[in-house]
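Below is start-v1.csv, which holds CSV, C-alpha atoms.
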```csv
chain,number,residue,atom,x,y,z
A,1,MET,CA,0.0,0.0,0.0
A,2,LEU,CA,1.2,3.5,-0.8
A,3,THR,CA,0.1,6.3,1.6
A,4,GLN,CA,0.8,10.0,1.9
A,5,LYS,CA,3.1,9.3,4.8
A,6,ASP,CA,5.2,6.9,2.8
A,7,VAL,CA,5.9,9.5,0.1
A,8,LEU,CA,6.4,12.3,2.7
A,9,LYS,CA,9.2,10.3,4.4
A,10,GLY,CA,11.3,10.4,1.3
A,11,ILE,CA,10.6,14.0,0.1
A,12,GLY,CA,13.8,15.5,1.4
A,13,ARG,CA,16.0,13.1,-0.5
A,14,LEU,CA,13.9,12.9,-3.6
A,15,GLY,CA,14.2,16.6,-4.5
A,16,PRO,CA,13.7,17.4,-8.1
A,17,SER,CA,14.3,13.8,-9.2
A,18,SER,CA,11.0,12.5,-7.7
A,19,GLU,CA,9.6,11.8,-11.2
A,20,ASP,CA,12.0,8.9,-11.5
A,21,VAL,CA,10.8,7.2,-8.3
A,22,VAL,CA,8.4,4.3,-8.7
A,23,VAL,CA,5.7,3.0,-6.3
A,24,THR,CA,7.7,0.0,-5.2
A,25,GLU,CA,10.4,2.2,-3.7
A,26,CYS,CA,8.1,3.9,-1.3
A,27,MET,CA,5.1,1.6,-0.6
A,28,SER,CA,4.6,-0.3,2.6
A,29,LEU,CA,4.8,-4.1,2.5
A,30,ASN,CA,2.9,-6.7,4.6
A,31,VAL,CA,-0.1,-4.4,5.0
A,32,PRO,CA,-2.6,-5.5,7.7
A,33,THR,CA,-6.1,-6.4,6.4
A,34,VAL,CA,-9.6,-7.0,7.8
A,35,SER,CA,-12.6,-9.0,6.7
A,36,PRO,CA,-16.0,-7.6,5.9
A,37,GLU,CA,-17.3,-9.1,9.2
A,38,THR,CA,-14.8,-7.4,11.5
A,39,PRO,CA,-16.7,-5.3,14.1
A,40,ILE,CA,-16.3,-1.5,13.7
A,41,TYR,CA,-15.1,-1.2,17.3
A,42,ASP,CA,-12.3,-3.7,16.6
A,43,VAL,CA,-11.3,-1.8,13.4
A,44,SER,CA,-11.2,1.5,15.4
A,45,GLN,CA,-9.0,0.0,18.1
A,46,PHE,CA,-6.6,-1.5,15.5
A,47,MET,CA,-6.4,1.9,13.6
A,48,ASP,CA,-5.6,3.7,16.9
A,49,THR,CA,-2.9,1.2,17.9
A,50,THR,CA,-1.2,1.0,14.6
A,51,ARG,CA,-1.9,4.7,13.6
A,52,LEU,CA,-3.2,3.4,10.2
A,53,LYS,CA,-5.9,5.3,8.4
A,54,TRP,CA,-6.7,2.8,5.7
A,55,LEU,CA,-7.2,-1.0,5.8
A,56,PRO,CA,-7.8,-3.2,2.8
A,57,VAL,CA,-10.9,-5.5,3.2
A,58,LEU,CA,-10.3,-9.1,2.1
A,59,ARG,CA,-12.7,-12.0,1.7
A,60,ASP,CA,-11.1,-15.3,0.8
A,61,GLN,CA,-7.8,-13.5,-0.1
A,62,GLN,CA,-9.7,-11.3,-2.6
A,63,LEU,CA,-9.7,-7.5,-2.2
A,64,VAL,CA,-13.4,-6.4,-1.9
A,65,GLY,CA,-12.9,-2.9,-0.5
A,66,LEU,CA,-11.1,-0.4,1.6
A,67,VAL,CA,-12.2,0.9,5.0
A,68,THR,CA,-10.9,4.3,6.1
A,69,GLN,CA,-10.8,6.2,9.3
A,70,SER,CA,-13.5,8.5,7.9
A,71,ASP,CA,-15.8,5.5,7.4
A,72,VAL,CA,-15.3,4.3,11.0
A,73,THR,CA,-15.7,7.8,12.4
A,74,ARG,CA,-18.9,8.4,10.4
A,75,ALA,CA,-20.4,5.2,11.8
A,76,LEU,CA,-19.7,6.1,15.4
A,77,THR,CA,-20.3,9.9,15.4
A,78,SER,CA,-23.6,9.7,17.4
A,79,LEU,CA,-21.7,8.4,20.5
A,80,VAL,CA,-20.1,11.8,21.1
A,81,ARG,CA,-22.9,14.1,20.0
A,82,THR,CA,-22.7,16.4,23.1
A,83,THR,CA,-19.0,16.3,23.8
A,84,GLU,CA,-17.2,19.6,23.2
A,85,VAL,CA,-14.1,20.0,21.0
A,86,SER,CA,-12.1,21.5,23.9
A,87,ALA,CA,-12.4,18.2,25.8
A,88,ILE,CA,-10.3,16.2,23.3
A,89,MET,CA,-8.4,18.7,21.1
A,90,SER,CA,-4.6,18.7,20.9
A,91,GLN,CA,-3.4,21.8,22.6
A,92,GLU,CA,0.2,21.4,21.4
A,93,VAL,CA,0.0,22.6,17.8
A,94,ALA,CA,3.1,22.4,15.6
A,95,THR,CA,3.7,25.7,13.9
A,96,VAL,CA,6.2,26.8,11.3
A,97,ASP,CA,7.2,30.1,9.8
A,98,ALA,CA,5.6,30.6,6.4
A,99,ALA,CA,9.1,31.4,5.1
A,100,MET,CA,10.4,27.9,6.0
A,101,THR,CA,11.1,25.5,3.1
A,102,VAL,CA,8.7,22.7,2.4
A,103,SER,CA,11.5,20.2,3.1
A,104,GLN,CA,12.0,21.6,6.6
A,105,ALA,CA,8.3,21.5,7.3
A,106,SER,CA,8.1,17.9,6.0
A,107,ASP,CA,10.9,16.9,8.3
A,108,LEU,CA,9.1,18.4,11.3
A,109,MET,CA,5.9,16.5,10.4
A,110,ILE,CA,7.8,13.3,10.2
A,111,GLU,CA,9.7,14.0,13.4
A,112,LYS,CA,6.5,14.7,15.3
A,113,ASP,CA,4.4,12.0,13.4
A,114,ILE,CA,1.7,14.5,12.4
A,115,SER,CA,0.0,15.2,9.1
A,116,CYS,CA,-0.1,19.0,9.2
A,117,VAL,CA,1.5,22.2,10.6
A,118,ILE,CA,0.1,25.6,11.1
A,119,ALA,CA,2.0,28.3,9.1
A,120,GLN,CA,2.5,31.7,10.8
A,121,HIS,CA,3.7,35.1,9.6
A,122,LYS,CA,4.5,37.7,12.2
A,123,ASN,CA,2.8,35.7,15.0
A,124,THR,CA,-0.4,35.5,12.9
A,125,ILE,CA,-1.9,32.4,11.4
A,126,ALA,CA,-1.2,32.6,7.7
A,127,GLY,CA,-2.4,29.1,6.6
A,128,ILE,CA,-2.0,25.4,7.1
A,129,LEU,CA,0.3,22.9,5.3
A,130,THR,CA,-0.8,19.3,5.1
A,131,GLU,CA,0.7,16.1,3.7
A,132,LYS,CA,-1.9,16.5,0.8
A,133,ASP,CA,-0.6,20.0,0.0
A,134,VAL,CA,3.0,18.7,-0.1
A,135,LEU,CA,2.2,15.7,-2.3
A,136,GLY,CA,-0.2,17.4,-4.6
A,137,LYS,CA,1.6,20.7,-5.1
A,138,VAL,CA,5.2,19.8,-4.8
A,139,VAL,CA,5.9,16.1,-5.4
A,140,ALA,CA,3.2,15.7,-8.1
A,141,THR,CA,4.5,18.7,-10.0
A,142,ASN,CA,8.1,17.7,-9.6
A,143,MET,CA,9.1,20.8,-7.7
A,144,ASP,CA,12.2,20.8,-5.4
A,145,PRO,CA,10.9,20.8,-1.8
A,146,ASN,CA,14.3,22.3,-0.7
A,147,ALA,CA,13.6,25.4,-2.9
A,148,ILE,CA,9.9,25.9,-2.3
A,149,LEU,CA,8.6,27.9,0.7
A,150,VAL,CA,5.6,26.8,2.9
A,151,ALA,CA,3.9,30.1,1.9
A,152,ASP,CA,4.0,29.0,-1.8
A,153,VAL,CA,2.0,25.8,-1.3
A,154,MET,CA,0.1,26.1,2.0
A,155,SER,CA,-3.7,26.4,2.1
A,156,PRO,CA,-4.4,30.0,3.1
A,157,SER,CA,-8.0,29.3,4.1
A,158,VAL,CA,-7.9,27.9,7.6
A,159,VAL,CA,-11.3,26.4,8.7
A,160,SER,CA,-11.7,26.8,12.5
A,161,VAL,CA,-14.2,26.1,15.2
A,162,PRO,CA,-14.6,27.5,18.8
A,163,PRO,CA,-13.7,25.4,21.8
A,164,PHE,CA,-17.3,24.9,22.7
A,165,CYS,CA,-18.3,23.4,19.4
A,166,SER,CA,-19.6,19.8,19.7
A,167,LEU,CA,-17.7,16.9,18.2
A,168,PHE,CA,-20.8,16.0,16.3
A,169,SER,CA,-20.9,19.5,14.7
A,170,ALA,CA,-17.1,19.5,14.1
A,171,TYR,CA,-17.2,16.2,12.3
A,172,GLY,CA,-20.1,17.5,10.2
A,173,ILE,CA,-17.9,20.4,9.1
A,174,MET,CA,-15.1,18.0,8.3
A,175,GLU,CA,-17.5,15.9,6.1
A,176,ARG,CA,-19.0,19.0,4.4
A,177,GLU,CA,-15.6,20.6,3.7
A,178,ARG,CA,-13.8,17.3,3.0
A,179,LEU,CA,-11.2,18.0,5.7
A,180,HIS,CA,-9.4,15.7,8.1
A,181,ARG,CA,-8.7,18.4,10.8
A,182,LEU,CA,-10.0,21.7,12.1
A,183,VAL,CA,-8.1,24.5,13.9
A,184,VAL,CA,-9.7,25.4,17.2
A,185,MET,CA,-9.7,29.2,17.9
A,186,GLU,CA,-11.2,31.5,20.4
A,187,GLY,CA,-11.3,34.8,18.7
A,188,LYS,CA,-7.8,35.3,17.2
A,189,GLN,CA,-6.3,33.0,19.8
A,190,LEU,CA,-5.0,29.6,18.6
A,191,CYS,CA,-6.3,27.0,21.2
A,192,GLY,CA,-5.5,23.7,19.5
A,193,ILE,CA,-6.3,21.4,16.6
A,194,ILE,CA,-8.8,18.5,16.3
A,195,THR,CA,-8.5,15.7,13.8
A,196,GLN,CA,-10.6,12.8,12.8
A,197,THR,CA,-8.2,10.6,14.8
A,198,ASP,CA,-9.1,12.6,18.0
A,199,ILE,CA,-12.8,12.2,17.3
A,200,LEU,CA,-12.4,8.5,16.6
A,201,ARG,CA,-10.5,7.9,19.9
A,202,ALA,CA,-13.3,9.8,21.8
A,203,MET,CA,-15.9,7.6,20.2
A,204,LYS,CA,-14.0,4.4,21.1
A,205,THR,CA,-13.8,5.6,24.7
A,206,SER,CA,-17.5,6.3,24.7
A,207,LEU,CA,-18.3,2.9,23.2
A,208,PHE,CA,-16.1,1.1,25.7
A,209,LYS,CA,-17.8,3.0,28.6
A,210,ALA,CA,-21.2,2.2,27.3
A,211,GLY,CA,-20.4,-1.5,27.1
A,212,THR,CA,-18.9,-1.4,30.7
A,213,ASP,CA,-22.0,0.3,32.0
A,214,MET,CA,-24.2,-2.3,30.4
A,215,ILE,CA,-22.2,-5.1,32.0
A,216,ALA,CA,-22.2,-3.4,35.4
A,217,GLY,CA,-25.9,-2.8,35.2
```
Turn this file's structure into structure tokens for me.
Amino acid sequence: MLTQKDVLKGIGRLGPSSEDVVVTECMSLNVPTVSPETPIYDVSQFMDTTRLKWLPVLRDQQLVGLVTQSDVTRALTSLVRTTEVSAIMSQEVATVDAAMTVSQASDLMIEKDISCVIAQHKNTIAGILTEKDVLGKVVATNMDPNAILVADVMSPSVVSVPPFCSLFSAYGIMERERLHRLVVMEGKQLCGIITQTDILRAMKTSLFKAGTDMIAG
């Protein structure tokens, strides 16, 4: 399987020669799989443990589909309908200067094992740089990541929600805008960031608690 993370890991060394790299040089081998009958809760636990966001679905050694983190999150959203974003958001947000090179920003994402960084200019949020931006705007166009600045390829439109926004509403925005994360802001103050992974973990916790309560009752 070839993921955004696989390509991102090699971006610093690829440079302008990325057009010569083939899939087999970057793809992950021995990819875990699930069956169509695997319970959603088990899939969510496995994704959380392995930090995978996609799993091939096999039946009798035949590929019949792909289950994603978005699919699992969508199925379990109702469990955290009233929980607020502030309860589970990540408060330690990785930021970079918009004048930093894409290669430097990519190295930071790999080092911290994150999929995006917030770009700032003069202590003001200027945009967001994601793995998708790097791959679609730099690697796919054969640009040199060591010569391109974050400001040149970042997404300038940052979609944000307030800390009191419910997870149910936050996930609805992610679905509508086709996003995997939202910046959490109170006025102009950066409070944190919330991802589909954060919401999925909260759902798993709620599901586990609900099952425990049923057994205890």
Next item on the list: Provide the CA of Met143 (chain A) to CA of His180 (chain A) distance in Å, to one decimal place.
Entry: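 Distance reported for this atom pair: 24.9 Å.
Summary of the local environment: counting only C-alpha atoms, residues at most 9 Å from region 81-93 of chain A, other than itself and those fewer than 4 positions away along its chain, are Thr77, Val117, Ile118, Val161, Pro162, Pro163, Phe164, Cys165, Ser166, Leu167, Phe168, Ser169, Ala170, Val184, Leu190, Cys191, Gly192, Ile193, Ile194, Thr195, Asp198, Ile199, Arg201 and Ala202 of chain A.
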Checklist line | Separation of CA of Thr141 (chain A) from CA of Ala105 (chain A), in Å and rounded to one decimal | finding: 17.9 Å
Next item on the list: Return the single residue from A:Val159, A:Ile40, A:Met27, A:Val134 that is closest to Ile173 (chain A), with distances computed using only C-alpha atoms.
Entry: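 That would be A:Val159, the residue with the smallest distance to Ile173 (chain A).
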Notebook entry, point to check: Pick the closest to Ile125 (chain A) from A:Arg178, A:Lys137, A:Lys188, A:Lys112: which is it, counting all atoms listed in the file?
Noted result: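 Smallest distance to Ile125 (chain A) is found for A:Lys188.
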Item checked: Residue nearest Val64 (chain A) among A:Leu52, A:Val7, A:Val34, A:Leu76 (counting only C-alpha atoms) ->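 Going through A:Leu52, A:Val7, A:Val34, A:Leu76 one by one, the smallest distance to Val64 (chain A) is for A:Val34.
Remark: for Gly187 (chain A), the closest of the candidate residues A:Thr24, A:Ser160, A:Thr38, A:Gln62 is A:Ser160 (distances computed over all atoms listed in the file).
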Next item on the list: List the neighbours of Pro56 (chain A) out to 10 Å using all atoms listed in the file; skip same-chain residues closer than 3 positions along the sequence, and give me the result as a PyMOL selection string.
Entry: chain A and resi 1+31-36+62-68
Save out the residues we just selected, C-alpha atoms, as a PDB file, keeping the file's coordinate frame.
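again34.pdb, written as the output of this step:
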```pdb
ATOM      1  CA  MET A   1       0.000   0.000   0.000  1.00  0.00           C
ATOM      2  CA  VAL A  31      -0.100  -4.400   5.000  1.00  0.00           C
ATOM      3  CA  PRO A  32      -2.600  -5.500   7.700  1.00  0.00           C
ATOM      4  CA  THR A  33      -6.100  -6.400   6.400  1.00  0.00           C
ATOM      5  CA  VAL A  34      -9.600  -7.000   7.800  1.00  0.00           C
ATOM      6  CA  SER A  35     -12.600  -9.000   6.700  1.00  0.00           C
ATOM      7  CA  PRO A  36     -16.000  -7.600   5.900  1.00  0.00           C
ATOM      8  CA  GLN A  62      -9.700 -11.300  -2.600  1.00  0.00           C
ATOM      9  CA  LEU A  63      -9.700  -7.500  -2.200  1.00  0.00           C
ATOM     10  CA  VAL A  64     -13.400  -6.400  -1.900  1.00  0.00           C
ATOM     11  CA  GLY A  65     -12.900  -2.900  -0.500  1.00  0.00           C
ATOM     12  CA  LEU A  66     -11.100  -0.400   1.600  1.00  0.00           C
ATOM     13  CA  VAL A  67     -12.200   0.900   5.000  1.00  0.00           C
ATOM     14  CA  THR A  68     -10.900   4.300   6.100  1.00  0.00           C
TER      15      THR A  68
END
```
Note to self: Nearest residue to Asp113 (chain A) out of A:Tyr41, A:Ser206, A:Leu182, A:Glu131, using all atoms listed in the file?
What the structure shows: A:Glu131
